[in-house]
$ cat my_file_13.txt   # compact mmCIF, C-alpha atoms and all ligand atoms
# COMPACT_ATOMS: atom_id res chain seq x y z
CA MET A 1 10.98 -99.00 123.88
CA LEU A 2 10.59 -95.55 122.36
CA ASN A 3 7.06 -94.71 121.21
CA LYS A 4 4.63 -91.81 120.77
CA GLU A 5 4.00 -91.65 124.52
CA SER A 6 7.72 -91.32 125.31
CA HIS A 7 9.43 -88.20 126.62
CA VAL A 8 13.15 -87.75 125.84
CA LEU A 9 15.86 -85.37 127.04
CA ILE A 10 18.72 -84.54 124.66
CA ILE A 11 21.91 -83.17 126.21
CA GLY A 12 23.88 -80.96 123.80
CA GLN A 13 22.55 -78.99 120.84
CA GLY A 14 25.40 -79.06 118.33
CA ILE A 15 24.53 -80.55 114.96
CA ALA A 16 24.06 -84.02 116.54
CA GLY A 17 21.51 -82.88 119.16
CA THR A 18 19.81 -80.63 116.60
CA ILE A 19 19.26 -83.37 114.00
CA LEU A 20 18.17 -85.87 116.65
CA SER A 21 15.62 -83.38 117.99
CA TYR A 22 14.34 -82.70 114.46
CA LYS A 23 13.97 -86.42 113.70
CA LEU A 24 12.12 -87.01 116.99
CA SER A 25 9.75 -84.14 116.28
CA GLU A 26 9.05 -85.57 112.81
CA LYS A 27 7.85 -88.71 114.60
CA ASN A 28 5.82 -86.66 117.11
CA ILE A 29 7.96 -87.89 119.99
CA SER A 30 7.99 -85.41 122.87
CA HIS A 31 11.42 -84.18 123.97
CA LYS A 32 13.44 -81.31 125.38
CA VAL A 33 16.99 -80.18 124.63
CA LEU A 34 19.48 -79.02 127.28
CA ASP A 35 22.58 -77.12 126.15
CA ASN A 36 25.09 -74.80 127.79
CA GLY A 37 24.81 -72.11 125.11
CA HIS A 38 27.05 -73.80 122.50
CA LYS A 39 30.00 -73.17 124.80
CA TYR A 40 32.03 -76.05 123.35
CA ALA A 41 30.37 -76.56 119.95
CA ALA A 42 32.73 -77.82 117.21
CA THR A 43 29.76 -77.23 114.92
CA HIS A 44 30.44 -73.47 114.95
CA ALA A 45 33.99 -73.92 113.58
CA ALA A 46 33.17 -76.49 110.88
CA ALA A 47 32.96 -75.94 107.12
CA GLY A 48 30.01 -78.36 106.98
CA LEU A 49 31.41 -80.09 103.89
CA ILE A 50 30.31 -83.48 102.67
CA ASN A 51 33.06 -84.70 100.38
CA PRO A 52 32.34 -88.11 98.80
CA ILE A 53 35.99 -88.78 97.78
CA THR A 54 38.58 -88.05 100.42
CA GLY A 55 42.11 -88.62 101.65
CA ARG A 56 45.47 -89.00 99.99
CA ASN A 57 44.30 -92.13 98.18
CA TYR A 58 41.11 -90.51 96.81
CA VAL A 59 38.80 -93.18 98.17
CA LYS A 60 35.06 -93.07 98.70
CA SER A 61 34.10 -91.89 102.16
CA TRP A 62 32.80 -94.69 104.45
CA MET A 63 29.12 -95.53 103.65
CA ILE A 64 28.78 -92.41 101.48
CA ASP A 65 26.25 -94.06 99.12
CA ASP A 66 23.91 -94.52 102.10
CA LEU A 67 24.76 -91.36 104.03
CA LEU A 68 24.48 -88.79 101.25
CA PRO A 69 20.80 -89.17 100.26
CA VAL A 70 19.68 -89.00 103.92
CA ALA A 71 21.91 -85.98 104.59
CA LYS A 72 20.64 -84.14 101.49
CA SER A 73 16.99 -84.72 102.30
CA THR A 74 17.39 -83.91 106.01
CA TYR A 75 19.15 -80.57 105.43
CA ARG A 76 16.67 -79.64 102.71
CA GLU A 77 13.77 -80.40 105.06
CA LEU A 78 15.37 -78.30 107.80
CA SER A 79 15.93 -75.47 105.30
CA GLU A 80 12.20 -75.53 104.59
CA LYS A 81 11.21 -75.81 108.24
CA LEU A 82 13.39 -72.89 109.34
CA ASN A 83 12.85 -70.87 106.17
CA HIS A 84 16.55 -70.49 105.34
CA ASN A 85 18.62 -72.36 102.77
CA TYR A 86 21.56 -74.02 104.59
CA VAL A 87 22.66 -76.20 101.67
CA ARG A 88 25.07 -75.19 98.92
CA GLU A 89 25.78 -77.67 96.15
CA ALA A 90 29.31 -77.12 94.88
CA ASN A 91 31.80 -79.40 93.18
CA ILE A 92 35.21 -79.85 94.78
CA LEU A 93 38.36 -79.32 92.70
CA ARG A 94 41.10 -81.61 93.93
CA ALA A 95 44.53 -80.18 93.10
CA MET A 96 47.34 -82.54 92.10
CA HIS A 97 50.96 -81.51 91.86
CA THR A 98 52.84 -84.68 90.86
CA PRO A 99 52.44 -87.47 88.28
CA ALA A 100 52.22 -89.94 91.20
CA GLN A 101 49.15 -88.11 92.57
CA GLU A 102 47.54 -88.06 89.12
CA ASN A 103 48.17 -91.79 88.67
CA LYS A 104 46.63 -92.51 92.06
CA TRP A 105 43.60 -90.37 91.23
CA PHE A 106 42.92 -92.07 87.91
CA SER A 107 43.42 -95.59 89.25
CA SER A 108 41.07 -94.85 92.16
CA VAL A 109 38.23 -93.02 90.41
CA GLY A 110 38.31 -95.53 87.57
CA LYS A 111 37.02 -98.23 89.92
CA PRO A 112 33.38 -99.38 89.90
CA GLY A 113 31.08 -97.18 91.98
CA TYR A 114 33.06 -93.96 91.51
CA SER A 115 31.62 -92.57 88.28
CA ASP A 116 28.66 -90.91 90.06
CA TYR A 117 31.09 -88.80 92.10
CA VAL A 118 33.55 -87.54 89.47
CA VAL A 119 33.19 -85.20 86.52
CA GLU A 120 34.72 -86.72 83.40
CA THR A 121 35.99 -83.41 81.99
CA PRO A 122 36.93 -81.20 84.93
CA ASN A 123 36.31 -77.47 84.73
CA ASP A 124 39.26 -75.78 86.40
CA ASN A 125 38.63 -72.26 85.08
CA GLU A 126 37.12 -70.72 88.20
CA TYR A 127 40.35 -70.57 90.17
CA LYS A 128 42.60 -69.45 87.28
CA GLY A 129 44.07 -66.09 88.29
CA ILE A 130 43.11 -66.70 91.94
CA VAL A 131 45.54 -69.46 92.95
CA GLN A 132 48.91 -70.83 91.88
CA GLN A 133 47.97 -73.52 89.39
CA ALA A 134 48.39 -77.22 90.11
CA SER A 135 49.40 -79.63 87.33
CA TYR A 136 45.96 -81.29 87.29
CA TYR A 137 42.55 -80.86 88.95
CA GLY A 138 40.13 -83.73 89.52
CA GLU A 139 36.53 -82.57 89.96
CA ILE A 140 34.33 -84.23 92.57
CA THR A 141 30.58 -83.90 92.26
CA GLN A 142 27.63 -84.52 94.63
CA SER A 143 29.60 -82.68 97.31
CA ILE A 144 27.59 -80.28 99.44
CA GLN A 145 28.37 -77.63 101.98
CA VAL A 146 25.91 -77.15 104.82
CA ASP A 147 25.94 -74.05 107.00
CA ILE A 148 25.63 -76.17 110.16
CA SER A 149 26.68 -73.25 112.36
CA GLN A 150 23.76 -71.07 111.20
CA LEU A 151 21.47 -74.11 111.32
CA VAL A 152 22.13 -74.84 115.01
CA THR A 153 21.78 -71.13 115.85
CA ASP A 154 18.40 -70.95 114.10
CA TYR A 155 17.28 -74.29 115.56
CA LYS A 156 18.06 -73.05 119.07
CA ALA A 157 15.75 -70.06 118.45
CA TYR A 158 13.08 -72.49 117.21
CA LEU A 159 13.44 -74.68 120.33
CA ILE A 160 13.19 -71.63 122.60
CA ASP A 161 10.07 -70.52 120.74
CA GLN A 162 8.52 -73.99 121.19
CA ASN A 163 9.44 -74.06 124.91
CA LEU A 164 11.66 -77.11 124.32
CA TYR A 165 15.02 -75.58 125.23
CA ILE A 166 16.71 -75.67 128.63
CA GLU A 167 19.85 -73.54 129.01
CA GLY A 168 22.47 -74.99 131.35
CA SER A 169 25.11 -77.65 131.87
CA PHE A 170 24.12 -81.22 132.62
CA ASP A 171 24.44 -81.86 136.35
CA ALA A 172 24.82 -85.56 137.20
CA SER A 173 23.76 -84.91 140.79
CA ALA A 174 20.27 -83.90 139.55
CA LEU A 175 19.79 -87.33 137.89
CA THR A 176 17.91 -90.29 139.37
CA VAL A 177 17.80 -93.51 137.37
CA THR A 178 15.18 -96.21 138.04
CA ASP A 179 14.32 -99.36 136.08
CA ASN A 180 11.46 -97.58 134.30
CA ASN A 181 12.55 -94.01 133.81
CA VAL A 182 15.10 -91.31 134.50
CA VAL A 183 14.33 -88.18 136.46
CA TYR A 184 16.39 -85.10 135.72
CA ALA A 185 15.82 -81.83 137.58
CA ASN A 186 12.42 -83.08 138.78
CA GLU A 187 11.16 -84.02 135.29
CA ALA A 188 10.70 -87.68 134.29
CA TYR A 189 12.01 -88.93 130.94
CA ASP A 190 11.99 -92.31 129.21
CA TYR A 191 15.44 -91.74 127.72
CA ILE A 192 18.29 -89.26 127.99
CA ILE A 193 20.52 -89.04 124.92
CA PHE A 194 23.91 -87.39 125.33
CA CYS A 195 25.16 -85.44 122.28
CA GLU A 196 27.91 -83.54 124.05
CA GLY A 197 30.57 -83.53 121.32
CA TYR A 198 34.10 -83.68 122.72
CA LYS A 199 32.86 -83.03 126.26
CA GLY A 200 31.36 -86.54 126.09
CA MET A 201 34.84 -87.74 126.96
CA GLU A 202 34.37 -86.38 130.50
CA ASN A 203 30.93 -87.96 131.03
CA PRO A 204 31.20 -90.42 133.97
CA LEU A 205 28.08 -92.29 132.75
CA PHE A 206 30.07 -93.47 129.70
CA PRO A 207 33.53 -94.36 131.02
CA ASP A 208 36.59 -95.68 129.17
CA LEU A 209 35.72 -94.76 125.60
CA PRO A 210 38.70 -94.25 123.25
CA PHE A 211 38.12 -90.65 122.19
CA GLN A 212 41.01 -89.21 120.17
CA LEU A 213 40.11 -85.55 120.12
CA ALA A 214 41.36 -83.34 117.31
CA LYS A 215 41.34 -79.58 117.66
CA GLY A 216 40.83 -77.65 114.42
CA GLN A 217 40.86 -74.00 113.48
CA ALA A 218 39.56 -71.96 110.59
CA PHE A 219 39.43 -68.47 109.12
CA THR A 220 36.62 -66.77 107.30
CA ILE A 221 38.19 -64.64 104.55
CA ASN A 222 37.02 -62.33 101.76
CA PHE A 223 38.79 -61.95 98.41
CA ASP A 224 39.06 -58.62 96.64
CA GLY A 225 36.76 -59.97 93.93
CA PRO A 226 33.72 -62.28 94.14
CA ALA A 227 34.24 -65.78 95.57
CA PRO A 228 34.22 -68.70 93.11
CA ASN A 229 31.39 -71.24 93.25
CA GLN A 230 33.52 -74.40 93.38
CA ILE A 231 35.37 -75.56 96.48
CA LEU A 232 39.12 -75.98 96.14
CA ARG A 233 41.06 -78.70 97.95
CA ASP A 234 44.74 -77.90 97.41
CA GLU A 235 47.16 -78.20 100.32
CA ILE A 236 44.40 -76.33 102.17
CA PHE A 237 40.63 -76.01 101.68
CA ILE A 238 39.14 -72.88 100.11
CA ALA A 239 35.40 -73.29 100.66
CA PRO A 240 33.22 -70.34 99.60
CA MET A 241 30.10 -70.10 101.79
CA ASP A 242 28.44 -67.43 99.59
CA GLU A 243 29.59 -64.84 97.02
CA LYS A 244 31.67 -63.07 99.66
CA ASN A 245 32.63 -65.23 102.62
CA ILE A 246 35.10 -68.08 102.27
CA TRP A 247 35.87 -70.75 104.89
CA THR A 248 39.46 -71.92 104.99
CA GLY A 249 41.08 -74.11 107.60
CA GLY A 250 40.98 -77.61 108.98
CA THR A 251 44.16 -78.23 110.96
CA TYR A 252 44.47 -81.34 113.18
CA GLN A 253 46.02 -80.80 116.60
CA TRP A 254 46.05 -83.83 118.90
CA ASP A 255 47.63 -82.10 121.90
CA PHE A 256 46.05 -78.85 122.99
CA GLU A 257 45.21 -76.88 126.09
CA ASP A 258 41.72 -75.64 125.23
CA ASP A 259 39.39 -75.00 122.32
CA SER A 260 40.34 -71.34 121.73
CA PRO A 261 41.74 -69.82 118.52
CA THR A 262 45.55 -69.41 118.64
CA ALA A 263 48.05 -66.94 117.21
CA ALA A 264 50.17 -69.89 116.00
CA PHE A 265 47.34 -71.05 113.70
CA ALA A 266 46.83 -67.49 112.41
CA ALA A 267 50.52 -67.21 111.48
CA GLU A 268 50.64 -70.68 109.88
CA TRP A 269 47.46 -70.13 107.87
CA ASN A 270 48.44 -66.69 106.62
CA ASP A 271 51.68 -68.25 105.33
CA LYS A 272 49.76 -71.00 103.54
CA LEU A 273 47.25 -68.54 102.08
CA LYS A 274 49.98 -66.22 100.81
CA LYS A 275 51.72 -69.19 99.18
CA LEU A 276 48.57 -70.39 97.42
CA LEU A 277 46.64 -67.22 96.56
CA LYS A 278 47.41 -64.73 93.82
CA VAL A 279 44.74 -62.31 95.06
CA ASN A 280 44.58 -60.18 98.20
CA TYR A 281 42.36 -61.36 101.03
CA THR A 282 41.05 -60.09 104.35
CA VAL A 283 40.49 -62.28 107.41
CA THR A 284 37.06 -61.51 108.90
CA ASN A 285 36.80 -64.28 111.50
CA HIS A 286 38.94 -66.89 113.27
CA LYS A 287 37.28 -69.89 114.94
CA ALA A 288 38.39 -73.06 116.70
CA GLY A 289 36.69 -76.25 117.86
CA VAL A 290 37.44 -79.77 119.01
CA ARG A 291 36.29 -82.66 116.83
CA PRO A 292 34.82 -85.57 118.82
CA ALA A 293 36.97 -88.12 117.02
CA VAL A 294 37.36 -91.72 118.16
CA LYS A 295 39.83 -94.56 117.63
CA GLY A 296 38.85 -96.20 114.32
CA ARG A 297 37.05 -92.99 113.16
CA LYS A 298 33.48 -94.30 113.52
CA PRO A 299 30.61 -92.90 115.66
CA LEU A 300 29.92 -93.90 119.25
CA ILE A 301 26.27 -94.83 119.70
CA GLY A 302 24.67 -96.91 122.41
CA PRO A 303 23.56 -97.26 126.02
CA SER A 304 25.51 -96.49 129.18
CA PRO A 305 26.76 -99.45 131.24
CA ILE A 306 24.73 -97.89 134.07
CA SER A 307 21.30 -97.93 132.40
CA ASN A 308 19.65 -98.79 129.08
CA LEU A 309 17.72 -95.53 129.37
CA LEU A 310 20.88 -93.40 129.03
CA TYR A 311 22.30 -93.26 125.48
CA MET A 312 25.28 -91.66 123.83
CA PHE A 313 25.12 -90.24 120.28
CA ASN A 314 28.63 -89.02 119.67
CA GLY A 315 32.00 -89.71 118.03
CA MET A 316 31.13 -87.91 114.77
CA GLY A 317 34.75 -86.82 114.37
CA THR A 318 35.60 -85.05 111.15
CA LYS A 319 32.40 -86.02 109.33
CA GLY A 320 29.43 -85.05 111.48
CA THR A 321 27.60 -83.36 108.60
CA SER A 322 27.23 -86.60 106.65
CA LEU A 323 27.11 -89.14 109.51
CA ILE A 324 24.58 -87.50 111.83
CA PRO A 325 21.38 -87.48 109.70
CA TYR A 326 21.70 -91.18 108.82
CA PHE A 327 22.74 -92.36 112.26
CA ALA A 328 20.15 -90.20 114.09
CA GLU A 329 17.51 -92.14 112.15
CA HIS A 330 19.33 -95.38 112.86
CA LEU A 331 19.38 -94.70 116.62
CA ILE A 332 15.69 -93.79 116.67
CA GLN A 333 14.80 -96.99 114.77
CA HIS A 334 16.92 -98.97 117.24
CA LEU A 335 15.04 -97.42 120.18
CA ILE A 336 11.62 -97.93 118.57
CA THR A 337 12.00 -101.46 117.24
CA GLY A 338 14.90 -102.92 119.22
CA MET A 339 16.83 -103.65 116.01
CA PRO A 340 20.56 -103.97 116.78
CA LEU A 341 22.83 -100.99 116.25
CA HIS A 342 25.25 -101.17 113.31
CA SER A 343 28.21 -103.12 114.69
CA GLU A 344 30.75 -100.53 113.50
CA VAL A 345 29.10 -97.68 115.45
CA ALA A 346 27.82 -99.47 118.57
CA LEU A 347 29.87 -98.24 121.50
CA ASN A 348 30.01 -101.71 123.05
CA ARG A 349 32.47 -102.67 120.25
CA PHE A 350 35.16 -101.34 122.58
CA LYS A 351 34.34 -103.71 125.44
C1 LIG A 401 37.90 -76.68 112.10
C2 LIG A 401 36.87 -77.76 111.93
C3 LIG A 401 36.39 -78.04 110.65
C4 LIG A 401 35.44 -79.04 110.47
N1 LIG A 401 34.94 -79.25 109.21
C5 LIG A 401 34.00 -80.20 109.02
C6 LIG A 401 33.44 -80.41 107.73
O1 LIG A 401 33.77 -79.72 106.75
N2 LIG A 401 32.51 -81.39 107.58
C7 LIG A 401 32.09 -82.16 108.64
O2 LIG A 401 31.24 -83.03 108.45
N3 LIG A 401 32.59 -81.96 109.87
C8 LIG A 401 33.53 -81.01 110.09
N4 LIG A 401 34.04 -80.82 111.34
C9 LIG A 401 33.59 -81.74 112.42
C10 LIG A 401 32.24 -81.30 112.97
O3 LIG A 401 32.39 -80.02 113.52
C11 LIG A 401 31.77 -82.31 114.00
O4 LIG A 401 31.68 -83.61 113.45
C12 LIG A 401 30.37 -81.95 114.53
O5 LIG A 401 30.23 -80.56 114.68
C13 LIG A 401 30.10 -82.64 115.85
O6 LIG A 401 28.83 -82.23 116.29
P1 LIG A 401 28.30 -82.57 117.74
O7 LIG A 401 26.93 -82.03 117.83
O8 LIG A 401 28.55 -84.01 118.03
O9 LIG A 401 29.27 -81.78 118.74
P2 LIG A 401 29.35 -80.15 119.08
O10 LIG A 401 29.14 -79.39 117.84
O11 LIG A 401 30.62 -80.02 119.79
O12 LIG A 401 28.09 -79.94 120.00
C14 LIG A 401 28.02 -80.37 121.34
C15 LIG A 401 27.13 -79.40 122.12
O13 LIG A 401 26.90 -79.89 123.43
C16 LIG A 401 27.16 -78.87 124.39
N5 LIG A 401 27.53 -79.56 125.62
C17 LIG A 401 28.60 -80.38 125.83
N6 LIG A 401 28.56 -80.89 127.07
C18 LIG A 401 27.44 -80.39 127.65
C19 LIG A 401 26.85 -80.58 128.94
N7 LIG A 401 27.41 -81.39 129.86
N8 LIG A 401 25.71 -79.91 129.22
C20 LIG A 401 25.12 -79.12 128.31
N9 LIG A 401 25.63 -78.92 127.05
C21 LIG A 401 26.78 -79.55 126.74
C22 LIG A 401 28.29 -78.06 123.72
O14 LIG A 401 28.46 -76.77 124.27
C23 LIG A 401 27.76 -78.03 122.29
O15 LIG A 401 26.80 -77.02 122.12
C24 LIG A 401 34.97 -79.80 111.57
C25 LIG A 401 35.42 -79.49 112.86
C26 LIG A 401 36.36 -78.48 113.04
C27 LIG A 401 36.83 -78.16 114.43
$ encode --input "my_file_13.txt" --output "C-alpha cells" --more "lines below"
Ligand SMILES: Cc1cc2nc3c(=O)[nH]c(=O)nc-3n(C[C@H](O)[C@H](O)[C@H](O)COP(=O)(O)OP(=O)(O)OC[C@H]3O[C@@H](n4cnc5c(N)ncnc54)[C@H](O)[C@@H]3O)c2cc1C
Amino acid sequence: MLNKESHVLIIGQGIAGTILSYKLSEKNISHKVLDNGHKYAATHAAAGLINPITGRNYVKSWMIDDLLPVAKSTYRELSEKLNHNYVREANILRAMHTPAQENKWFSSVGKPGYSDYVVETPNDNEYKGIVQQASYYGEITQSIQVDISQLVTDYKAYLIDQNLYIEGSFDASALTVTDNNVVYANEAYDYIIFCEGYKGMENPLFPDLPFQLAKGQAFTINFDGPAPNQILRDEIFIAPMDEKNIWTGGTYQWDFEDDSPTAAFAAEWNDKLKKLLKVNYTVTNHKAGVRPAVKGRKPLIGPSPISNLLYMFNGMGTKGTSLIPYFAEHLIQHLITGMPLHSEVALNRFK
C-alpha cells in the first residue's frame, strides 16, 4: 500500500506525470520523476482545451460533471504554486452550417443536465469580420483552455530545483523487481508509475494493450488585429491562447511514420485557414504530437502483469487535460486504500 513512508518513481513528465507528481507531493509522498527531455511529449502540441460538449452529436463529454471541478481546482492550484496563470476561461462558439446541425444541437442541449454548459442567448459578435459566418452559433460555457505545454516546462524546472528530476530514458535492464520493492538504477522504490504517453505502447512490462495512436498537428498563428477572447469551433478550431497567439489544428492521422511536423499538414491547414478567415494571418509555430489513444477511448490505469508494484497511468487520448487531474487522484486513492479502480479505466478490462 502507498503511504507517507513510500518512495515512488514516475516515468514520463508530460501532463500525466506532472499532475501525478503534484498530487503525490500534496500528500507528502516522496517521489522522483524520470523523463527523456520531453522528446515525445504530445503535451507540447496540445491546445489544452476542456470542452464539455463535443462531437458531431453535441453530447456531454464522458464524466465531465465529475472531471471538470477537479481539473479546474488542480490547474488553479498549480498556477499558484508555480506563480503563473495557466488557465484561460473562454466560451466555445460552435458553428453550424445546416438546419440539420441546428436541429441536432437544440435537441441535444435541451436535454436534462445540459443547461449548465450552454449560453441561452449566444454572443457571436467577436468573430464577425474575422471569419466567414456560419448560419448559427451555439455557445458552450464552462470550457477552459490550459497552457499544459508551459505548465510541464515550468514544472520540470521546479522538479530540477527540488532535486526530484532525473533526465534520461527508462532502461528496463536497470530494473530489479522483488516481492517488496523495485530497484531502479540502484535506488529502491515502492512503486514505479509509467506515464510515457504514446511510447507506453512499446513498454514490454505492459504487453498487448490496444493502443490506437493518433498523430495530430497544430499551428500557432497571429492575426493582423488582436485575437478574440472566445474559442471558435468551425470546421477547424481557432483557440486564442492570449491577445496575440492563436492555436489552430487538431488533425487525426492513424498511420504515420514519426511524430514530426509535416509539409502536407502545413499545406492542408493553410487551405482551411484561407477558406475560413477573412483576415490575414502569420504562422509563428508548427507542432506535432501523438495522442496516446486507446480502443474505446478511455484511460489505461493499473498494474503490470509482472508486478503489482509497476503501474501504468496512460491512455489519455484526446482529452488528457480533463481526465488526468481526476484520475491521478483516483489512482493515488486506489494505491493508498486498495479501493478498486473504475472499471472503465482499469487496464485489466482488456484481458
Ligand atoms: C495536436 C494535438 C492537440 C491536442 N489537443 C488537446 C486538447 O485540446 N485537449 C486535451 O485534453 N488534449 C489534447 N491533446 C491530447 C493531449 O496532448 C494528451 O492527452 C496528453 O498530452 C497526454 O499526456 P501524457 O503525459 O500522457 O503524454 P505525453 O505528453 O506524450 O508525455 C509523455 C512523456 O514521457 C516521456 N517518455 C516516454 N517514454 C519515456 C521513457 N521510456 N523514458 C523516459 N521518458 C519517457 C515523453 O518524452 C514525454 O515527455 C492533443 C494532442 C495533440 C497531438
$ residues_around --input "my_file_13.txt" --residues "stretch 135-146 of chain A" --least-positions-apart "2" --cutoff "7 Å" --atoms "only C-alpha atoms" --output "count of residues only"
24
$ atom_distance --input "my_file_13.txt" --atom1 "atom N2 of ligand LIG 401 (chain A)" --atom2 "atom CA of A:Pro99"
28.4 Å
$ closest_residue --input "my_file_13.txt" --among "A:Asp234, A:Glu77, A:Leu67, A:Asn163" --to "A:Gly55" --atoms "all atoms listed in the file"
A:Asp234
$ atom_distance --input "my_file_13.txt" --atom1 "atom CA of A:Leu20" --atom2 "atom O13 of ligand LIG 401 (chain A)"
12.6 Å
$ residues_around --input "my_file_13.txt" --residues "stretch 103-105 of chain A" --least-positions-apart "4" --cutoff "9 Å" --atoms "all atoms listed in the file" --output "PyMOL selection string"
chain A and resi 56-59+96+98-99+109-110+138
$ write_last_selection --input "my_file_13.txt" --atoms "C-alpha atoms" --output "mmCIF file, keeping the file's coordinate frame"
data_model
loop_
_atom_site.group_PDB
_atom_site.id
_atom_site.type_symbol
_atom_site.label_atom_id
_atom_site.label_comp_id
_atom_site.auth_asym_id
_atom_site.auth_seq_id
_atom_site.Cartn_x
_atom_site.Cartn_y
_atom_site.Cartn_z
ATOM 1 C CA ARG A 56 45.470 -89.000 99.990
ATOM 2 C CA ASN A 57 44.300 -92.130 98.180
ATOM 3 C CA TYR A 58 41.110 -90.510 96.810
ATOM 4 C CA VAL A 59 38.800 -93.180 98.170
ATOM 5 C CA MET A 96 47.340 -82.540 92.100
ATOM 6 C CA THR A 98 52.840 -84.680 90.860
ATOM 7 C CA PRO A 99 52.440 -87.470 88.280
ATOM 8 C CA VAL A 109 38.230 -93.020 90.410
ATOM 9 C CA GLY A 110 38.310 -95.530 87.570
ATOM 10 C CA GLY A 138 40.130 -83.730 89.520
#
$ residues_near_ligand --input "my_file_13.txt" --ligand "ligand LIG 401 (chain A)" --cutoff "7 Å" --atoms "all atoms listed in the file" --output "VMD selection string"
chain A and resid 11 to 17 34 to 50 168 to 170 195 to 200 215 to 218 249 to 251 288 to 292 314 to 322
$ closest_residue --input "my_file_13.txt" --among "A:Ser260, A:Asn85, A:Ile193, A:Ile236" --to "A:Leu335" --atoms "all atoms listed in the file"
A:Ile193
$ atom_distance --input "my_file_13.txt" --atom1 "atom CA of A:Ile192" --atom2 "atom CA of A:Thr74"
22.6 Å
$ closest_residue --input "my_file_13.txt" --among "A:Leu151, A:Ile53, A:Ile29, A:Ala328" --to "A:Asn83" --atoms "only C-alpha atoms"
A:Leu151
$ closest_residue --input "my_file_13.txt" --among "A:Gln230, A:Ile324, A:Leu209, A:Lys295" --to "A:Lys351" --atoms "all atoms listed in the file"
A:Leu209
$ closest_residue --input "my_file_13.txt" --among "A:Val131, A:Val152, A:Leu78, A:Met241" --to "A:Lys272" --atoms "only C-alpha atoms"
A:Val131
$ residues_near_point --input "my_file_13.txt" --point "(45.1, -78.3, 124.2)" --cutoff "10 Å" --atoms "all atoms listed in the file" --output "ChimeraX atom specification"
/A:213-215,253-260,290
